[in-house]
Amino acid sequence: MGSSFGQLFRITTFGESHGGGIGVVIDGCPPRISLGESDIQGELERRRPGQSELVSPRQEPDRCEILSGVFEGQTLGTPIAILVRNQDARPEAYRELKETFRPSHADFTYEAKYGIRNWQGGGRASARETIGRVAGAAVARKVLATLFPAIELVTYVTHVHDVAAAVNSDSVRRSEVEANPVRCPDAAAAVRMKAAIEQARLEGDSLGGIIECVIRGAPAGLGEPVFDKLEADFAKAMLSLPATKGFEIGSGFAAAAMKGSEHNDPFAIREGKIRATSNRSGGVQGGISNGENIIFRVAFKPTATIARRQQTVTASGEETTLEARGRHDPCVLPRAVPMVEAMAALVLCDHGLRQRALSIS
């Protein structure tokens with residue numbers, strides 16, 4: 001099973017939703033980086049369930065334990081292992097799913113691939129697996145702060161179902177994102193989004209939406225030509241997250257309706273540096289960052305678990321119906337914000353280290 005991501009800065013996640021715990025092993029972190037559990041815990045708090053009335057009520061403190069790779073508050077350059085123990089697992093709530101495939105979940109496909117699956121809450125397919133990614137990315141952020149202290153990541157919800165927000169990506173701040181439980185910096189839109197999510201929950205339904213990420217202060221030169229283009233690695237990172245269905249960078253799909261004269265980003269000299277006068281490229285050209293803001297969007301489907309009876313089949317081929325069991329988010333967007341940001345940090349850290357290796361050689 002492909003549970004590793006990255007080349008020079010590489011994470012491997014482990015654990016299941018209702019097993020003993022979730023964790024990550026990080027390889028390639030440079031030595032002498034200041035790191036403690038408090039550096040990781042803040043990001044896990046943003047991801048954990050039970051943080052508002054809009055998300056899963058599962059009560060998990062998600063306290064991290066650094067098991068290796070850190071000594072006297074500094075990284076050693078050796079593998080870093082981080083563990084978060086499950087404390088509110090209720091595997092018995094999923095017993096009837098042992099022989100029944102939930103619509104639009106990974107139950108059937110995991111069974112088809114491996115001939116066995118963990119039916120307790122989805123196992124590895126659960127979004128709880130992303131704890132390891134968020135923990136690994138917290139370490140990546142510390143590395144980035146050393147390599148490129150000007151880099152700033154801000155990630156936020158722009159759409160929930162048919163409610164759209166107006167956000168200025170050049171000026172939006174994390175404090176504005178964290179000001180409401182929807183994690184939408186447009187306060188008026190956030191109110192409408194919250195109402196839509198609450199209504200969907202009451203109706204036993206779920207909603208999808210779009211998350212946007214802007215990366216400011218990234219230097220020109222990150223990314224590789226051809227297969228490891230920066231946007232290609234962002235796309236792989238984002239589409240590896242649970243419930244994702246689409247990725248676009250810069251002008252994205254809108255570029256298909258433009259002419260070259262409309263889409264090109266002209267160059268000019270500003271403050272003695274080569275800069276683009278527009279940013280339809282989204283900060284990446286030829287697979288390499290150009291020094292402008294990197295901006296991309298990720299589309300999330302409605303949560304597959306809904307409190308409505310749906311048609312399905314059993315492992316023995318019998319047709320049946322199923323009503324959802326367990327605790328779930330009626331909309332994954334609020335908790336997916338730190339997940340998107342985490343994957344962006346992992347990509348940036350990996351490419352940052354690759355660029356540093358290139359410059360040294």
# chains A, B, ... in the order shown; residues from 1 in each chain; ligands from 1
$ residues_around --residues "region 73-89 of chain A" --least-positions-apart "5" --cutoff "7 Å" --atoms "only C-alpha atoms" --output "PyMOL selection string"
chain A and resi 18-36+58-60+62-68
$ write_last_selection --atoms "C-alpha atoms" --output "PDB file, in the first residue's frame"
ATOM      1  CA  HIS A  18     -10.543   2.665  15.129  1.00  0.00           C
ATOM      2  CA  GLY A  19      -7.235   0.968  15.878  1.00  0.00           C
ATOM      3  CA  GLY A  20      -4.737   1.821  18.598  1.00  0.00           C
ATOM      4  CA  GLY A  21      -3.625   5.065  17.047  1.00  0.00           C
ATOM      5  CA  ILE A  22      -2.434   7.046  14.035  1.00  0.00           C
ATOM      6  CA  GLY A  23       1.075   8.215  13.326  1.00  0.00           C
ATOM      7  CA  VAL A  24       3.821   9.216  10.965  1.00  0.00           C
ATOM      8  CA  VAL A  25       7.498   8.504  10.394  1.00  0.00           C
ATOM      9  CA  ILE A  26       9.399  11.437   8.864  1.00  0.00           C
ATOM     10  CA  ASP A  27      12.646  10.806   7.022  1.00  0.00           C
ATOM     11  CA  GLY A  28      14.921  13.520   5.651  1.00  0.00           C
ATOM     12  CA  CYS A  29      14.351  16.230   8.231  1.00  0.00           C
ATOM     13  CA  PRO A  30      17.623  18.173   8.616  1.00  0.00           C
ATOM     14  CA  PRO A  31      19.341  18.165  12.029  1.00  0.00           C
ATOM     15  CA  ARG A  32      19.354  20.997  14.556  1.00  0.00           C
ATOM     16  CA  ILE A  33      15.826  22.200  13.796  1.00  0.00           C
ATOM     17  CA  SER A  34      14.063  23.332  16.966  1.00  0.00           C
ATOM     18  CA  LEU A  35      11.090  21.012  17.533  1.00  0.00           C
ATOM     19  CA  GLY A  36       8.767  20.080  20.375  1.00  0.00           C
ATOM     20  CA  ARG A  58     -16.120  12.204  18.019  1.00  0.00           C
ATOM     21  CA  GLN A  59     -14.196  13.387  21.086  1.00  0.00           C
ATOM     22  CA  GLU A  60     -10.489  12.916  20.505  1.00  0.00           C
ATOM     23  CA  ASP A  62      -5.374  14.001  19.494  1.00  0.00           C
ATOM     24  CA  ARG A  63      -2.362  14.497  21.765  1.00  0.00           C
ATOM     25  CA  CYS A  64       0.881  13.813  19.936  1.00  0.00           C
ATOM     26  CA  GLU A  65       3.898  11.930  21.257  1.00  0.00           C
ATOM     27  CA  ILE A  66       7.318  12.308  19.652  1.00  0.00           C
ATOM     28  CA  LEU A  67       8.892   8.861  19.906  1.00  0.00           C
ATOM     29  CA  SER A  68      12.198   9.376  18.124  1.00  0.00           C
TER      30      SER A  68
END
$ residues_around --residues "Gly204 (chain A)" --least-positions-apart "5" --cutoff "12 Å" --atoms "only C-alpha atoms" --output "JSON, numbers by chain"
{"A": [197, 198, 199, 303, 304, 305, 306, 307, 308, 309, 310, 323, 324, 325, 328, 329, 330, 331]}
$ select_by_dssp --residues "region 41-149 of chain A" --states "helix (DSSP H, G or I)" --output "NGL selection string"
:A and (41-47 or 91-98 or 107-114 or 123-125 or 127-147)
$ atom_distance --atom1 "CA of Phe234 (chain A)" --atom2 "CA of Arg270 (chain A)"
28.1 Å
$ closest_residue --among "A:Thr130, A:Ile116, A:Val70, A:Ala106" --to "Met343 (chain A)" --atoms "only C-alpha atoms"
A:Thr130
$ closest_residue --among "A:Leu202, A:Val134, A:Ile215, A:Ala140" --to "Arg173 (chain A)" --atoms "only C-alpha atoms"
A:Ile215
$ residues_around --residues "Gln285 (chain A)" --least-positions-apart "3" --cutoff "12 Å" --atoms "only C-alpha atoms" --output "list in words"
Ala220, Gly221, Leu222, Gly223, Glu224, Pro225, Val226, Lys229, Leu230, Glu231, Ala232, Ile249, Gly250, Asn264, Asp265, Ala276, Asn279, Arg280, Ser281, Gly282, Ile288, Ser289, Asn290, Gly291, Glu292, Asn293 and Ile294 of chain A
$ write_last_selection --atoms "N, CA and C atoms" --output "compact mmCIF listing (two decimals), in the first residue's frame"
# COMPACT_ATOMS: atom_id res chain seq x y z
N ALA A 220 11.42 32.17 -6.48
CA ALA A 220 11.45 31.57 -7.81
C ALA A 220 12.44 30.41 -7.80
N GLY A 221 12.11 29.35 -8.54
CA GLY A 221 13.04 28.24 -8.69
C GLY A 221 12.64 26.93 -8.05
N LEU A 222 11.51 26.88 -7.32
CA LEU A 222 11.08 25.62 -6.71
C LEU A 222 10.31 24.79 -7.73
N GLY A 223 10.59 23.51 -7.78
CA GLY A 223 9.93 22.63 -8.73
C GLY A 223 10.91 22.07 -9.73
N GLU A 224 10.49 21.02 -10.41
CA GLU A 224 11.35 20.33 -11.37
C GLU A 224 10.66 20.27 -12.73
N PRO A 225 11.42 20.22 -13.81
CA PRO A 225 10.81 20.07 -15.13
C PRO A 225 10.18 18.69 -15.30
N VAL A 226 9.28 18.58 -16.21
CA VAL A 226 8.66 17.34 -16.66
C VAL A 226 7.81 16.68 -15.56
N LYS A 229 6.97 18.50 -11.78
CA LYS A 229 6.58 19.90 -11.79
C LYS A 229 5.95 20.26 -10.45
N LEU A 230 6.13 21.50 -10.01
CA LEU A 230 5.61 21.89 -8.71
C LEU A 230 4.09 21.71 -8.66
N GLU A 231 3.39 22.14 -9.71
CA GLU A 231 1.93 22.00 -9.69
C GLU A 231 1.49 20.55 -9.78
N ALA A 232 2.31 19.70 -10.43
CA ALA A 232 1.98 18.28 -10.51
C ALA A 232 2.06 17.64 -9.13
N ILE A 249 -4.95 25.20 -10.64
CA ILE A 249 -4.00 26.19 -10.18
C ILE A 249 -4.09 27.42 -11.08
N GLY A 250 -3.96 28.60 -10.48
CA GLY A 250 -4.07 29.84 -11.23
C GLY A 250 -5.41 29.96 -11.91
N ASN A 264 -1.64 35.21 -21.01
CA ASN A 264 -0.22 35.38 -20.72
C ASN A 264 0.02 36.38 -19.60
N ASP A 265 1.06 36.13 -18.79
CA ASP A 265 1.46 37.03 -17.70
C ASP A 265 2.71 37.80 -18.14
N ALA A 276 6.12 39.25 -12.67
CA ALA A 276 4.97 39.18 -13.57
C ALA A 276 3.97 40.27 -13.20
N ASN A 279 -1.13 37.25 -12.71
CA ASN A 279 -0.78 35.94 -12.14
C ASN A 279 -1.77 34.86 -12.53
N ARG A 280 -2.09 34.82 -13.82
CA ARG A 280 -2.98 33.74 -14.28
C ARG A 280 -2.28 32.39 -14.25
N SER A 281 -0.94 32.40 -14.20
CA SER A 281 -0.19 31.15 -14.08
C SER A 281 -0.28 30.56 -12.68
N GLY A 282 -0.74 31.33 -11.71
CA GLY A 282 -0.84 30.82 -10.35
C GLY A 282 0.50 30.65 -9.67
N ILE A 288 7.90 25.30 -12.45
CA ILE A 288 8.81 25.92 -11.48
C ILE A 288 8.22 27.23 -10.99
N SER A 289 8.33 27.49 -9.70
CA SER A 289 7.77 28.72 -9.13
C SER A 289 8.46 29.94 -9.73
N ASN A 290 7.66 31.02 -9.95
CA ASN A 290 8.22 32.22 -10.57
C ASN A 290 8.33 33.40 -9.61
N GLY A 291 8.09 33.15 -8.32
CA GLY A 291 8.22 34.20 -7.32
C GLY A 291 6.94 34.94 -7.01
N GLU A 292 5.88 34.71 -7.81
CA GLU A 292 4.57 35.31 -7.51
C GLU A 292 3.81 34.41 -6.54
N ASN A 293 2.69 34.90 -6.05
CA ASN A 293 1.87 34.07 -5.16
C ASN A 293 1.46 32.78 -5.87
N ILE A 294 1.63 31.66 -5.19
CA ILE A 294 1.14 30.38 -5.69
C ILE A 294 -0.28 30.23 -5.17
$ closest_residue --among "A:Leu54, A:Gln120, A:Leu147, A:Cys349" --to "Ala195 (chain A)" --atoms "only C-alpha atoms"
A:Leu54
$ atom_distance --atom1 "CA of Phe5 (chain A)" --atom2 "CA of Arg335 (chain A)"
21.0 Å
$ residues_around --residues "Arg174 (chain A)" --least-positions-apart "3" --cutoff "12 Å" --atoms "only C-alpha atoms" --output "number ranges by chain"
A: 46, 152-157, 169, 171, 177-180, 183-185, 213-215, 337-338, 341
$ write_last_selection --atoms "C-alpha atoms" --output "mmCIF file, in the first residue's frame"
data_model
loop_
_atom_site.group_PDB
_atom_site.id
_atom_site.type_symbol
_atom_site.label_atom_id
_atom_site.label_comp_id
_atom_site.auth_asym_id
_atom_site.auth_seq_id
_atom_site.Cartn_x
_atom_site.Cartn_y
_atom_site.Cartn_z
ATOM 1 C CA ARG A 46 -7.216 22.612 13.902
ATOM 2 C CA GLU A 152 3.364 32.201 4.292
ATOM 3 C CA LEU A 153 0.548 29.705 3.707
ATOM 4 C CA VAL A 154 -3.101 30.722 4.094
ATOM 5 C CA THR A 155 -5.869 28.247 3.293
ATOM 6 C CA TYR A 156 -9.602 28.871 3.480
ATOM 7 C CA VAL A 157 -13.075 27.795 2.340
ATOM 8 C CA SER A 169 -5.977 36.124 -1.813
ATOM 9 C CA SER A 171 -4.281 40.087 1.724
ATOM 10 C CA VAL A 177 -9.878 32.213 8.478
ATOM 11 C CA GLU A 178 -9.928 31.013 12.075
ATOM 12 C CA ALA A 179 -12.492 33.642 13.139
ATOM 13 C CA ASN A 180 -15.435 31.280 12.483
ATOM 14 C CA ARG A 183 -12.969 28.677 8.182
ATOM 15 C CA CYS A 184 -14.213 31.122 5.578
ATOM 16 C CA PRO A 185 -12.673 34.628 5.854
ATOM 17 C CA CYS A 213 -4.712 27.914 -0.776
ATOM 18 C CA VAL A 214 -2.405 30.879 -1.335
ATOM 19 C CA ILE A 215 1.346 30.655 -0.756
ATOM 20 C CA VAL A 337 -8.520 23.383 5.546
ATOM 21 C CA PRO A 338 -5.558 22.299 7.747
ATOM 22 C CA GLU A 341 -2.395 23.394 4.112
#
$ residues_around --residues "Leu144 (chain A)" --least-positions-apart "2" --cutoff "10 Å" --atoms "only C-alpha atoms" --output "PDB file with C-alpha atoms, in the first residue's frame"
ATOM      1  CA  ALA A 138       4.085  20.702  11.275  1.00  0.00           C
ATOM      2  CA  VAL A 139       7.690  19.515  11.130  1.00  0.00           C
ATOM      3  CA  ALA A 140       7.919  20.603   7.487  1.00  0.00           C
ATOM      4  CA  ARG A 141       6.819  24.100   8.535  1.00  0.00           C
ATOM      5  CA  LYS A 142       9.738  24.315  10.948  1.00  0.00           C
ATOM      6  CA  THR A 146      14.633  27.961   8.355  1.00  0.00           C
ATOM      7  CA  LEU A 147      15.028  27.634   4.577  1.00  0.00           C
ATOM      8  CA  PHE A 148      12.560  30.284   3.431  1.00  0.00           C
ATOM      9  CA  PRO A 149      11.345  32.410   6.354  1.00  0.00           C
ATOM     10  CA  ALA A 150       9.278  34.652   4.038  1.00  0.00           C
ATOM     11  CA  ILE A 151       6.928  31.827   2.993  1.00  0.00           C
ATOM     12  CA  GLU A 152       3.364  32.201   4.292  1.00  0.00           C
ATOM     13  CA  ALA A 345       3.727  22.492   3.322  1.00  0.00           C
ATOM     14  CA  LEU A 346       5.007  18.964   2.633  1.00  0.00           C
ATOM     15  CA  LEU A 348       7.123  23.004  -0.446  1.00  0.00           C
ATOM     16  CA  CYS A 349       9.502  21.481   2.100  1.00  0.00           C
ATOM     17  CA  ASP A 350      10.442  18.610  -0.204  1.00  0.00           C
ATOM     18  CA  GLY A 352      12.860  23.410  -0.922  1.00  0.00           C
ATOM     19  CA  LEU A 353      15.331  20.758   0.180  1.00  0.00           C
TER      20      LEU A 353
END
$ select_by_dssp --residues "region 46-241 of chain A" --states "strand (DSSP E or B)" --output "PyMOL selection string"
chain A and resi 64-68+70-71+74-75+80-85+100+152-160+163-164+207+209-216
